[in-house]
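Data block below; observations after.
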Amino acid sequence: MKTLILVPTELELRYLNPRYDLSQRLVGPWSVSQDADLDWALCGIGPAAASVTTSHLIRHLRPDRVVLAGIAGTFAQADLALGDIYAVTRETLADTGYADADRFYNLDAMNLPMLPREDRQFGCDFELADLPGDLPTTQAITVAAVTNSTHRADALWRTFGAGLENMEGAAVALACALDWVPFSELRAVSNRVGPRDPRSWQVREPLERLGTWIHENLVP
Ligand SMILES: O=C(O)c1cccc(C(=O)CC[C@H]2O[C@@H](n3cnc4c(=O)[nH]cnc43)[C@H](O)[C@@H]2O)c1
């Protein structure tokens with residue numbers, strides 16, 4: 001089974017797979033590092049970069065599945081542990097729509113189709129494919145901007161009740177759904193969602209553990 005592993009940033013990729021070599025193979029302007037039956041590539045930060053990169057790489061590499069791996073913030077109310085690794089079961093595009101002081105109204109809540117096509121309609125919610133192993137699971141939301149206040153974090157929690165916030169998951173899910181490619185997501189919890197303090201984020205050690213998990217569980 002050929003797996004494409006997408007990672008938002010080079011920093012995350014370096015901790016997940018110290019053997020990666022992004023000069024190894026070029027797919028158009030994209031670098032892809034091959035390691036057993038795993039292709040590693042950067043998808044960029046945020047939904048716009050992640051969706052266009054995923055579509056491009058799927059069409060060139062024809063993977064049997066796509067796995068997105070990286071860090072994410074967790075909501076205080078969710079009771080997930082900082083530094084732990086989770087498999088994501090469902091992704092929701094949270095902030096495409098509008099928000100008032102207390103709630104978010106994404107396109108699904110507004111009853112607007114995100115991407116209507118003749119064959120299928122794509123909304124803001126995506127079910128993800130299961131992964132082998134026994135990682136704890138949670139749901140996630142995808143936002144275009146990192147949440148930077150307790151008030152906004154509370155409104156997102158109240159609206160969606162998801163355990164994690166990240167910036168790429170639902171966008172990669174959309175690109176995979178368009179090409180019928182199974183999609184899974186792994187996230188290491190780096191921070192609490194709320195007032196920004198990136199210097200306090202736990203990044204290296206949780207990602208190194210996630211990299212080990214990937215090699216033990218996803219290499220055929
Ligand atoms: O320092 C900042 O304010 C800042 C703004 C935008 C992006 C960043 C990044 O470092 C990239 C974030 C990267 O990590 C994921 N991530 C991690 N924690 C969170 C979070 O609490 N909310 C949303 N995304 C988060 C995200 O998926 C990006 O790939 C820094």
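Ordered as shown in the structure tokens, chains take letters A, B, and onward, while each chain numbers its residues from 1 and ligands are numbered from 1 in the order shown.
Residues of protein, DNA or RNA having any atom at most 6 Å from ligand 1, counting only C-alpha atoms and all ligand atoms, are Pro8, Ile45, Ile71, Ala72, Gly73, Val146, Thr147, Glu165, Asn166, Met167, Glu168, Ser190, Asn191, Val193 and Pro198 of chain A.
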Take the residues from that selection and put them in a file with all heavy atoms, as a short mmCIF file (atom, residue, chain, number, x, y, z; two decimals), in the first residue's frame.
```cif
data_model
loop_
_atom_site.label_atom_id
_atom_site.label_comp_id
_atom_site.auth_asym_id
_atom_site.auth_seq_id
_atom_site.Cartn_x
_atom_site.Cartn_y
_atom_site.Cartn_z
N PRO A 8 2.57 19.85 7.47
CA PRO A 8 2.47 21.28 7.12
C PRO A 8 3.82 22.00 7.02
O PRO A 8 4.02 22.77 6.07
CB PRO A 8 1.60 21.86 8.25
CG PRO A 8 0.76 20.69 8.69
CD PRO A 8 1.67 19.49 8.58
N ILE A 45 1.16 25.51 5.29
CA ILE A 45 0.33 25.90 6.44
C ILE A 45 -1.00 26.47 5.94
O ILE A 45 -1.02 27.32 5.05
CB ILE A 45 1.04 26.96 7.29
CG1 ILE A 45 2.35 26.39 7.85
CG2 ILE A 45 0.13 27.43 8.42
CD1 ILE A 45 3.21 27.43 8.57
N ILE A 71 1.32 18.99 14.38
CA ILE A 71 0.89 19.42 15.71
C ILE A 71 -0.50 20.06 15.64
O ILE A 71 -0.98 20.41 14.56
CB ILE A 71 1.90 20.41 16.34
CG1 ILE A 71 2.16 21.59 15.40
CG2 ILE A 71 3.19 19.70 16.71
CD1 ILE A 71 2.98 22.72 16.03
N ALA A 72 -1.13 20.21 16.80
CA ALA A 72 -2.44 20.85 16.88
C ALA A 72 -2.64 21.39 18.29
O ALA A 72 -1.99 20.95 19.24
CB ALA A 72 -3.55 19.84 16.56
N GLY A 73 -3.57 22.33 18.40
CA GLY A 73 -3.95 22.84 19.73
C GLY A 73 -5.15 22.06 20.24
O GLY A 73 -5.94 21.52 19.46
N VAL A 146 -5.03 30.78 13.52
CA VAL A 146 -4.90 30.21 14.86
C VAL A 146 -5.71 31.05 15.85
O VAL A 146 -5.63 32.28 15.84
CB VAL A 146 -3.41 30.19 15.29
CG1 VAL A 146 -3.27 29.79 16.75
CG2 VAL A 146 -2.61 29.26 14.42
N THR A 147 -6.49 30.39 16.68
CA THR A 147 -7.27 31.09 17.70
C THR A 147 -6.34 31.75 18.72
O THR A 147 -5.39 31.13 19.17
CB THR A 147 -8.22 30.09 18.40
OG1 THR A 147 -9.13 29.62 17.41
CG2 THR A 147 -8.96 30.73 19.55
N GLU A 165 -7.81 21.78 17.42
CA GLU A 165 -7.85 22.80 16.36
C GLU A 165 -6.56 22.73 15.56
O GLU A 165 -5.46 22.65 16.14
CB GLU A 165 -7.98 24.20 16.98
CG GLU A 165 -7.93 25.31 15.93
CD GLU A 165 -7.94 26.71 16.54
OE1 GLU A 165 -9.03 27.20 16.86
OE2 GLU A 165 -6.84 27.31 16.69
N ASN A 166 -6.71 22.75 14.24
CA ASN A 166 -5.53 22.80 13.37
C ASN A 166 -5.88 23.63 12.15
O ASN A 166 -6.99 24.19 12.07
CB ASN A 166 -5.08 21.38 12.99
CG ASN A 166 -6.05 20.73 12.02
OD1 ASN A 166 -5.91 20.85 10.81
ND2 ASN A 166 -7.08 20.07 12.56
N MET A 167 -4.96 23.72 11.19
CA MET A 167 -5.18 24.63 10.06
C MET A 167 -5.23 23.94 8.71
O MET A 167 -5.28 24.63 7.68
CB MET A 167 -4.07 25.70 10.05
CG MET A 167 -4.04 26.55 11.30
SD MET A 167 -2.66 27.70 11.32
CE MET A 167 -3.14 28.87 10.08
N GLU A 168 -5.21 22.60 8.68
CA GLU A 168 -5.14 21.93 7.37
C GLU A 168 -6.12 20.76 7.18
O GLU A 168 -6.46 20.42 6.04
CB GLU A 168 -3.71 21.36 7.13
CG GLU A 168 -2.61 22.38 7.09
CD GLU A 168 -2.11 22.79 8.49
OE1 GLU A 168 -2.37 22.01 9.44
OE2 GLU A 168 -1.50 23.85 8.62
N SER A 190 0.31 20.15 20.82
CA SER A 190 1.42 21.05 21.16
C SER A 190 1.05 22.15 22.13
O SER A 190 1.91 22.72 22.80
CB SER A 190 1.98 21.68 19.88
OG SER A 190 0.93 22.27 19.13
N ASN A 191 -0.24 22.50 22.19
CA ASN A 191 -0.63 23.70 22.96
C ASN A 191 -2.12 23.68 23.27
O ASN A 191 -2.88 22.91 22.69
CB ASN A 191 -0.31 24.96 22.15
CG ASN A 191 -1.04 25.01 20.81
OD1 ASN A 191 -0.68 24.30 19.87
ND2 ASN A 191 -2.07 25.81 20.74
N VAL A 193 -5.60 25.70 22.95
CA VAL A 193 -6.19 26.73 22.09
C VAL A 193 -6.56 27.93 22.97
O VAL A 193 -7.24 27.77 23.99
CB VAL A 193 -7.46 26.18 21.39
CG1 VAL A 193 -8.12 27.27 20.56
CG2 VAL A 193 -7.11 24.97 20.53
N PRO A 198 3.40 30.92 21.23
CA PRO A 198 4.05 29.83 20.48
C PRO A 198 5.35 29.35 21.12
O PRO A 198 5.74 28.20 20.92
CB PRO A 198 4.31 30.43 19.09
CG PRO A 198 3.45 31.62 19.01
CD PRO A 198 3.17 32.09 20.40
#
```
>> Can you measure CA of Ala48 (chain A) to CA of Asp95 (chain A) for me? One decimal in Å is fine.
In response: 13.1 Å
>> For a quick check of understanding, using only C-alpha atoms, which of A:Arg204, A:Arg196, A:Arg209, A:Arg90 has the smallest distance to Gly161 (chain A)?
In response: A:Arg90
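Between CA of Leu26 (chain A) and CA of Asp39 (chain A) the interatomic distance comes to 11.5 Å.
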> Among region 39-89 of chain A, which residues carry a DSSP assignment of alpha helix (DSSP H), reported as a list of chain:residue names?
Replying inline: A:Pro47, A:Ala48, A:Ala49, A:Ala50, A:Ser51, A:Val52, A:Thr53, A:Thr54, A:Ser55, A:His56, A:Leu57, A:Ile58, A:Arg59, A:His60, A:Leu61
Create the file for the chosen residues now, containing all heavy atoms and written as a short mmCIF file (atom, residue, chain, number, x, y, z; two decimals), in the first residue's frame.
```
data_model
loop_
_atom_site.label_atom_id
_atom_site.label_comp_id
_atom_site.auth_asym_id
_atom_site.auth_seq_id
_atom_site.Cartn_x
_atom_site.Cartn_y
_atom_site.Cartn_z
N PRO A 47 -5.49 26.10 5.13
CA PRO A 47 -6.34 25.35 4.21
C PRO A 47 -6.05 25.59 2.74
O PRO A 47 -6.16 24.66 1.94
CB PRO A 47 -7.76 25.79 4.58
CG PRO A 47 -7.64 26.90 5.55
CD PRO A 47 -6.25 26.93 6.07
N ALA A 48 -5.68 26.79 2.35
CA ALA A 48 -5.48 27.06 0.92
C ALA A 48 -4.29 26.27 0.39
O ALA A 48 -4.40 25.51 -0.58
CB ALA A 48 -5.28 28.56 0.70
N ALA A 49 -3.15 26.41 1.04
CA ALA A 49 -1.95 25.69 0.59
C ALA A 49 -2.15 24.18 0.68
O ALA A 49 -1.76 23.42 -0.22
CB ALA A 49 -0.75 26.11 1.44
N ALA A 50 -2.78 23.73 1.77
CA ALA A 50 -2.92 22.29 1.98
C ALA A 50 -3.81 21.64 0.93
O ALA A 50 -3.51 20.55 0.44
CB ALA A 50 -3.46 22.03 3.39
N SER A 51 -4.91 22.30 0.54
CA SER A 51 -5.81 21.65 -0.42
C SER A 51 -5.19 21.60 -1.81
O SER A 51 -5.23 20.56 -2.47
CB SER A 51 -7.18 22.34 -0.44
OG SER A 51 -7.04 23.67 -0.82
N VAL A 52 -4.58 22.68 -2.25
CA VAL A 52 -4.03 22.67 -3.61
C VAL A 52 -2.85 21.70 -3.70
O VAL A 52 -2.68 20.98 -4.69
CB VAL A 52 -3.67 24.11 -4.08
CG1 VAL A 52 -2.46 24.65 -3.39
CG2 VAL A 52 -3.47 24.14 -5.59
N THR A 53 -2.02 21.66 -2.65
CA THR A 53 -0.88 20.74 -2.67
C THR A 53 -1.36 19.29 -2.67
O THR A 53 -0.82 18.44 -3.39
CB THR A 53 0.02 20.99 -1.43
OG1 THR A 53 0.48 22.33 -1.49
CG2 THR A 53 1.20 20.05 -1.41
N THR A 54 -2.36 18.99 -1.84
CA THR A 54 -2.86 17.62 -1.77
C THR A 54 -3.39 17.17 -3.13
O THR A 54 -3.06 16.08 -3.61
CB THR A 54 -3.97 17.51 -0.70
OG1 THR A 54 -3.47 17.98 0.53
CG2 THR A 54 -4.43 16.07 -0.56
N SER A 55 -4.19 18.00 -3.78
CA SER A 55 -4.74 17.63 -5.10
C SER A 55 -3.62 17.38 -6.10
O SER A 55 -3.64 16.39 -6.84
CB SER A 55 -5.63 18.75 -5.64
OG SER A 55 -6.89 18.68 -5.06
N HIS A 56 -2.64 18.26 -6.10
CA HIS A 56 -1.54 18.13 -7.06
C HIS A 56 -0.78 16.81 -6.82
O HIS A 56 -0.51 16.06 -7.77
CB HIS A 56 -0.60 19.32 -6.90
CG HIS A 56 0.57 19.27 -7.83
ND1 HIS A 56 0.53 19.76 -9.12
CD2 HIS A 56 1.82 18.75 -7.66
CE1 HIS A 56 1.71 19.54 -9.69
NE2 HIS A 56 2.50 18.94 -8.83
N LEU A 57 -0.47 16.53 -5.56
CA LEU A 57 0.35 15.34 -5.27
C LEU A 57 -0.44 14.06 -5.50
O LEU A 57 0.11 13.05 -5.94
CB LEU A 57 0.91 15.41 -3.85
CG LEU A 57 1.97 16.51 -3.65
CD1 LEU A 57 2.42 16.58 -2.19
CD2 LEU A 57 3.19 16.27 -4.56
N ILE A 58 -1.73 14.08 -5.19
CA ILE A 58 -2.55 12.88 -5.45
C ILE A 58 -2.52 12.55 -6.94
O ILE A 58 -2.35 11.40 -7.35
CB ILE A 58 -4.00 13.09 -4.97
CG1 ILE A 58 -4.08 12.99 -3.45
CG2 ILE A 58 -4.93 12.05 -5.61
CD1 ILE A 58 -5.46 13.28 -2.88
N ARG A 59 -2.66 13.57 -7.77
CA ARG A 59 -2.72 13.30 -9.21
C ARG A 59 -1.38 12.80 -9.76
O ARG A 59 -1.35 12.01 -10.68
CB ARG A 59 -3.20 14.53 -9.96
CG ARG A 59 -4.73 14.54 -9.91
CD ARG A 59 -5.37 15.83 -10.00
NE ARG A 59 -6.68 15.73 -9.32
CZ ARG A 59 -7.63 16.62 -9.44
NH1 ARG A 59 -7.44 17.66 -10.18
NH2 ARG A 59 -8.76 16.47 -8.78
N HIS A 60 -0.28 13.24 -9.15
CA HIS A 60 1.03 12.80 -9.64
C HIS A 60 1.49 11.49 -9.02
O HIS A 60 2.13 10.68 -9.67
CB HIS A 60 2.08 13.89 -9.42
CG HIS A 60 2.00 14.97 -10.44
ND1 HIS A 60 1.05 15.96 -10.39
CD2 HIS A 60 2.70 15.17 -11.59
CE1 HIS A 60 1.19 16.76 -11.45
NE2 HIS A 60 2.19 16.29 -12.18
N LEU A 61 1.20 11.29 -7.74
CA LEU A 61 1.76 10.13 -7.04
C LEU A 61 0.78 8.96 -6.96
O LEU A 61 1.19 7.84 -6.66
CB LEU A 61 2.20 10.53 -5.62
CG LEU A 61 3.33 11.56 -5.54
CD1 LEU A 61 3.48 12.07 -4.11
CD2 LEU A 61 4.64 10.97 -6.04
#
```
> Where in region 49-159 of chain A does DSSP assign strand (DSSP E or B), given as a PyMOL selection string?
Replying inline: chain A and resi 65-74+85-93+97-99+104-106+115-116+121-122+125-127+137-142
Generate a file of the selected residues that holds N, CA and C atoms, formatted as a tab-separated table (two decimals), in the first residue's frame.
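Once everything was written out, this is selection.tsv:
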```tsv
chain	number	residue	atom	x	y	z
A	65	ARG	N	-3.51	5.89	-0.02
A	65	ARG	CA	-4.12	6.65	1.07
A	65	ARG	C	-3.23	7.86	1.36
A	66	VAL	N	-3.84	8.87	2.00
A	66	VAL	CA	-3.10	10.06	2.45
A	66	VAL	C	-3.23	10.15	3.96
A	67	VAL	N	-2.11	10.43	4.62
A	67	VAL	CA	-2.11	10.64	6.08
A	67	VAL	C	-1.50	12.02	6.33
A	68	LEU	N	-2.23	12.87	7.05
A	68	LEU	CA	-1.72	14.19	7.44
A	68	LEU	C	-1.19	14.07	8.86
A	69	ALA	N	0.04	14.54	9.10
A	69	ALA	CA	0.64	14.44	10.44
A	69	ALA	C	1.23	15.78	10.84
A	70	GLY	N	1.00	16.17	12.09
A	70	GLY	CA	1.56	17.43	12.57
A	70	GLY	C	1.09	17.74	13.97
A	71	ILE	N	1.32	18.99	14.38
A	71	ILE	CA	0.89	19.42	15.71
A	71	ILE	C	-0.50	20.06	15.64
A	72	ALA	N	-1.13	20.21	16.80
A	72	ALA	CA	-2.44	20.85	16.88
A	72	ALA	C	-2.64	21.39	18.29
A	73	GLY	N	-3.57	22.33	18.40
A	73	GLY	CA	-3.95	22.84	19.73
A	73	GLY	C	-5.15	22.06	20.24
A	74	THR	N	-5.29	22.01	21.57
A	74	THR	CA	-6.45	21.34	22.15
A	74	THR	C	-7.26	22.32	23.01
A	85	ILE	N	-0.60	11.95	21.46
A	85	ILE	CA	-0.86	11.79	20.02
A	85	ILE	C	-2.26	11.23	19.83
A	86	TYR	N	-2.99	11.80	18.88
A	86	TYR	CA	-4.37	11.37	18.63
A	86	TYR	C	-4.58	11.08	17.14
A	87	ALA	N	-5.42	10.09	16.87
A	87	ALA	CA	-5.92	9.89	15.51
A	87	ALA	C	-7.24	10.66	15.41
A	88	VAL	N	-7.40	11.39	14.33
A	88	VAL	CA	-8.60	12.22	14.16
A	88	VAL	C	-9.66	11.40	13.41
A	89	THR	N	-10.89	11.42	13.93
A	89	THR	CA	-11.97	10.64	13.32
A	89	THR	C	-12.85	11.49	12.40
A	90	ARG	N	-12.88	12.79	12.65
A	90	ARG	CA	-13.77	13.66	11.88
A	90	ARG	C	-13.18	15.06	11.84
A	91	GLU	N	-13.26	15.70	10.70
A	91	GLU	CA	-12.76	17.08	10.55
A	91	GLU	C	-13.91	17.99	10.13
A	92	THR	N	-13.93	19.20	10.65
A	92	THR	CA	-14.94	20.18	10.27
A	92	THR	C	-14.27	21.50	9.94
A	93	LEU	N	-14.58	22.03	8.77
A	93	LEU	CA	-14.10	23.37	8.41
A	93	LEU	C	-14.93	24.36	9.20
A	97	GLY	N	-17.53	30.94	6.74
A	97	GLY	CA	-18.91	31.33	7.06
A	97	GLY	C	-18.84	32.63	7.83
A	98	TYR	N	-19.47	32.67	8.99
A	98	TYR	CA	-19.36	33.88	9.82
A	98	TYR	C	-19.44	33.48	11.28
A	99	ALA	N	-19.12	34.45	12.15
A	99	ALA	CA	-19.21	34.20	13.58
A	99	ALA	C	-19.88	35.40	14.23
A	104	PHE	N	-20.02	30.06	16.03
A	104	PHE	CA	-19.59	30.08	14.62
A	104	PHE	C	-20.69	29.48	13.75
A	105	TYR	N	-20.85	30.03	12.57
A	105	TYR	CA	-21.84	29.53	11.61
A	105	TYR	C	-21.07	29.20	10.33
A	106	ASN	N	-20.70	27.93	10.17
A	106	ASN	CA	-19.98	27.60	8.93
A	106	ASN	C	-20.98	27.41	7.81
A	115	LEU	N	-19.04	23.20	-2.07
A	115	LEU	CA	-18.58	22.91	-3.43
A	115	LEU	C	-19.61	22.02	-4.12
A	116	PRO	N	-20.60	22.65	-4.75
A	116	PRO	CA	-21.62	21.84	-5.42
A	116	PRO	C	-21.10	21.34	-6.76
A	121	GLN	N	-21.99	16.68	-3.60
A	121	GLN	CA	-21.87	17.98	-2.93
A	121	GLN	C	-20.85	17.83	-1.81
A	122	PHE	N	-20.03	18.81	-1.63
A	122	PHE	CA	-19.07	18.78	-0.53
A	122	PHE	C	-19.41	19.88	0.46
A	125	ASP	N	-18.07	19.04	6.71
A	125	ASP	CA	-17.74	17.89	7.58
A	125	ASP	C	-17.16	16.74	6.78
A	126	PHE	N	-16.15	16.09	7.35
A	126	PHE	CA	-15.52	14.95	6.68
A	126	PHE	C	-15.26	13.84	7.69
A	127	GLU	N	-15.68	12.62	7.33
A	127	GLU	CA	-15.34	11.44	8.14
A	127	GLU	C	-13.98	10.94	7.66
A	137	THR	N	-8.57	8.51	20.03
A	137	THR	CA	-9.15	9.26	18.91
A	137	THR	C	-9.85	10.53	19.40
A	138	THR	N	-10.00	11.48	18.50
A	138	THR	CA	-10.76	12.69	18.81
A	138	THR	C	-11.23	13.33	17.50
A	139	GLN	N	-12.12	14.29	17.61
A	139	GLN	CA	-12.53	15.06	16.44
A	139	GLN	C	-11.73	16.37	16.38
A	140	ALA	N	-11.68	16.97	15.20
A	140	ALA	CA	-10.89	18.20	15.04
A	140	ALA	C	-11.65	19.21	14.21
A	141	ILE	N	-11.31	20.48	14.42
A	141	ILE	CA	-11.77	21.53	13.51
A	141	ILE	C	-10.57	22.14	12.80
A	142	THR	N	-10.84	22.65	11.60
A	142	THR	CA	-9.81	23.33	10.81
A	142	THR	C	-10.19	24.81	10.68
```
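If you look at CA of Pro18 (chain A) and CA of Gly211 (chain A), they are 8.9 Å away from each other.
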>> Can you pull out the residues contacting Ser23 (chain A)? Cut-off 8 Å, using only C-alpha atoms, and skip same-chain residues under 2 positions away; I want them as an MDAnalysis selection string.
In response: chainID A and resid 21 25:26 31:33
For the residues in that selection, give me C-alpha atoms as a CSV table (one decimal), in the first residue's frame.
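Now in result.csv:
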```csv
chain,number,residue,atom,x,y,z
A,21,ASP,CA,15.5,14.2,2.1
A,25,ARG,CA,12.5,13.6,-5.9
A,26,LEU,CA,10.7,16.5,-7.4
A,31,SER,CA,9.8,17.9,-3.2
A,32,VAL,CA,8.9,14.4,-2.1
A,33,SER,CA,11.1,12.1,0.0
```
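Distances here use only C-alpha atoms; by that measure, the residue among A:Ile5, A:Ala36, A:Ala145, A:Ala41 closest to Leu22 (chain A) is A:Ala41.
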>> Under the rule that only C-alpha atoms are counted, which of A:Leu210, A:Val7, A:Leu82, A:Ala101 is the nearest residue to Val172 (chain A)?
In response: A:Val7
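Near Gln77 (chain A), within 9 Å and counting only C-alpha atoms, sit Thr74, Phe75, Asp79, Leu80, Asp154, Trp157, Gly161 and Gly163 of chain A, not including residues fewer than 2 positions from it in the same chain.
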Could those selected residues go to a file with N, CA and C atoms, as an mmCIF file, in the first residue's frame?
```cif
data_model
loop_
_atom_site.group_PDB
_atom_site.id
_atom_site.type_symbol
_atom_site.label_atom_id
_atom_site.label_comp_id
_atom_site.auth_asym_id
_atom_site.auth_seq_id
_atom_site.Cartn_x
_atom_site.Cartn_y
_atom_site.Cartn_z
ATOM 1 N N THR A 74 -5.287 22.005 21.566
ATOM 2 C CA THR A 74 -6.452 21.345 22.153
ATOM 3 C C THR A 74 -7.255 22.322 23.005
ATOM 4 N N PHE A 75 -8.567 22.138 23.023
ATOM 5 C CA PHE A 75 -9.450 22.985 23.826
ATOM 6 C C PHE A 75 -9.404 22.548 25.285
ATOM 7 N N ASP A 79 -10.250 18.049 27.672
ATOM 8 C CA ASP A 79 -9.547 17.134 28.561
ATOM 9 C C ASP A 79 -8.601 16.194 27.815
ATOM 10 N N LEU A 80 -7.927 16.681 26.798
ATOM 11 C CA LEU A 80 -6.882 15.901 26.124
ATOM 12 C C LEU A 80 -5.532 16.358 26.683
ATOM 13 N N ASP A 154 -13.680 29.507 23.409
ATOM 14 C CA ASP A 154 -14.942 29.060 24.027
ATOM 15 C C ASP A 154 -16.063 28.990 22.983
ATOM 16 N N TRP A 157 -15.495 25.911 20.878
ATOM 17 C CA TRP A 157 -15.846 24.710 21.652
ATOM 18 C C TRP A 157 -17.370 24.567 21.751
ATOM 19 N N GLY A 161 -17.521 21.500 19.657
ATOM 20 C CA GLY A 161 -17.203 20.472 20.654
ATOM 21 C C GLY A 161 -16.118 19.504 20.221
ATOM 22 N N GLY A 163 -12.087 18.117 19.898
ATOM 23 C CA GLY A 163 -10.944 18.096 20.809
ATOM 24 C C GLY A 163 -9.775 18.946 20.347
#
```
Quick one: which region 103-143 of chain A residues come within 10 Å of region 214-218 of chain A, and what is the nearest atom pair for each with the distance in Å to one decimal, counting only C-alpha atoms, rows ordered by chain and ascending number, as JSON lines?
```
{"residue": "A:Leu131", "atom": "CA", "partner": "A:Leu218", "partner_atom": "CA", "distance": 8.5}
{"residue": "A:Pro132", "atom": "CA", "partner": "A:Asn217", "partner_atom": "CA", "distance": 6.7}
{"residue": "A:Gly133", "atom": "CA", "partner": "A:Asn217", "partner_atom": "CA", "distance": 6.8}
```
Would you write out those residues with N, CA, C and O atoms, as a PDB file, in the first residue's frame?
```pdb
ATOM      1  N   LEU A 131      -7.097   4.116  11.244  1.00  0.00           N
ATOM      2  CA  LEU A 131      -5.703   3.687  11.104  1.00  0.00           C
ATOM      3  C   LEU A 131      -5.479   2.452  11.963  1.00  0.00           C
ATOM      4  O   LEU A 131      -6.218   2.221  12.931  1.00  0.00           O
ATOM      5  N   PRO A 132      -4.445   1.649  11.635  1.00  0.00           N
ATOM      6  CA  PRO A 132      -4.144   0.511  12.501  1.00  0.00           C
ATOM      7  C   PRO A 132      -3.610   1.008  13.847  1.00  0.00           C
ATOM      8  O   PRO A 132      -3.272   2.178  13.998  1.00  0.00           O
ATOM      9  N   GLY A 133      -3.501   0.094  14.824  1.00  0.00           N
ATOM     10  CA  GLY A 133      -2.953   0.484  16.131  1.00  0.00           C
ATOM     11  C   GLY A 133      -4.053   0.948  17.060  1.00  0.00           C
ATOM     12  O   GLY A 133      -5.240   0.912  16.726  1.00  0.00           O
TER      13      GLY A 133
END
```
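Here the question is which of A:Asp37, A:Asp64, A:Glu12, A:Asp102 gets nearest to Ala155 (chain A) using only C-alpha atoms, and that residue is A:Asp102.
Closest approach to Ala173 (chain A) among A:Gly44, A:Gly83, A:Pro113, A:Gly123: A:Gly123, based on only C-alpha atoms.
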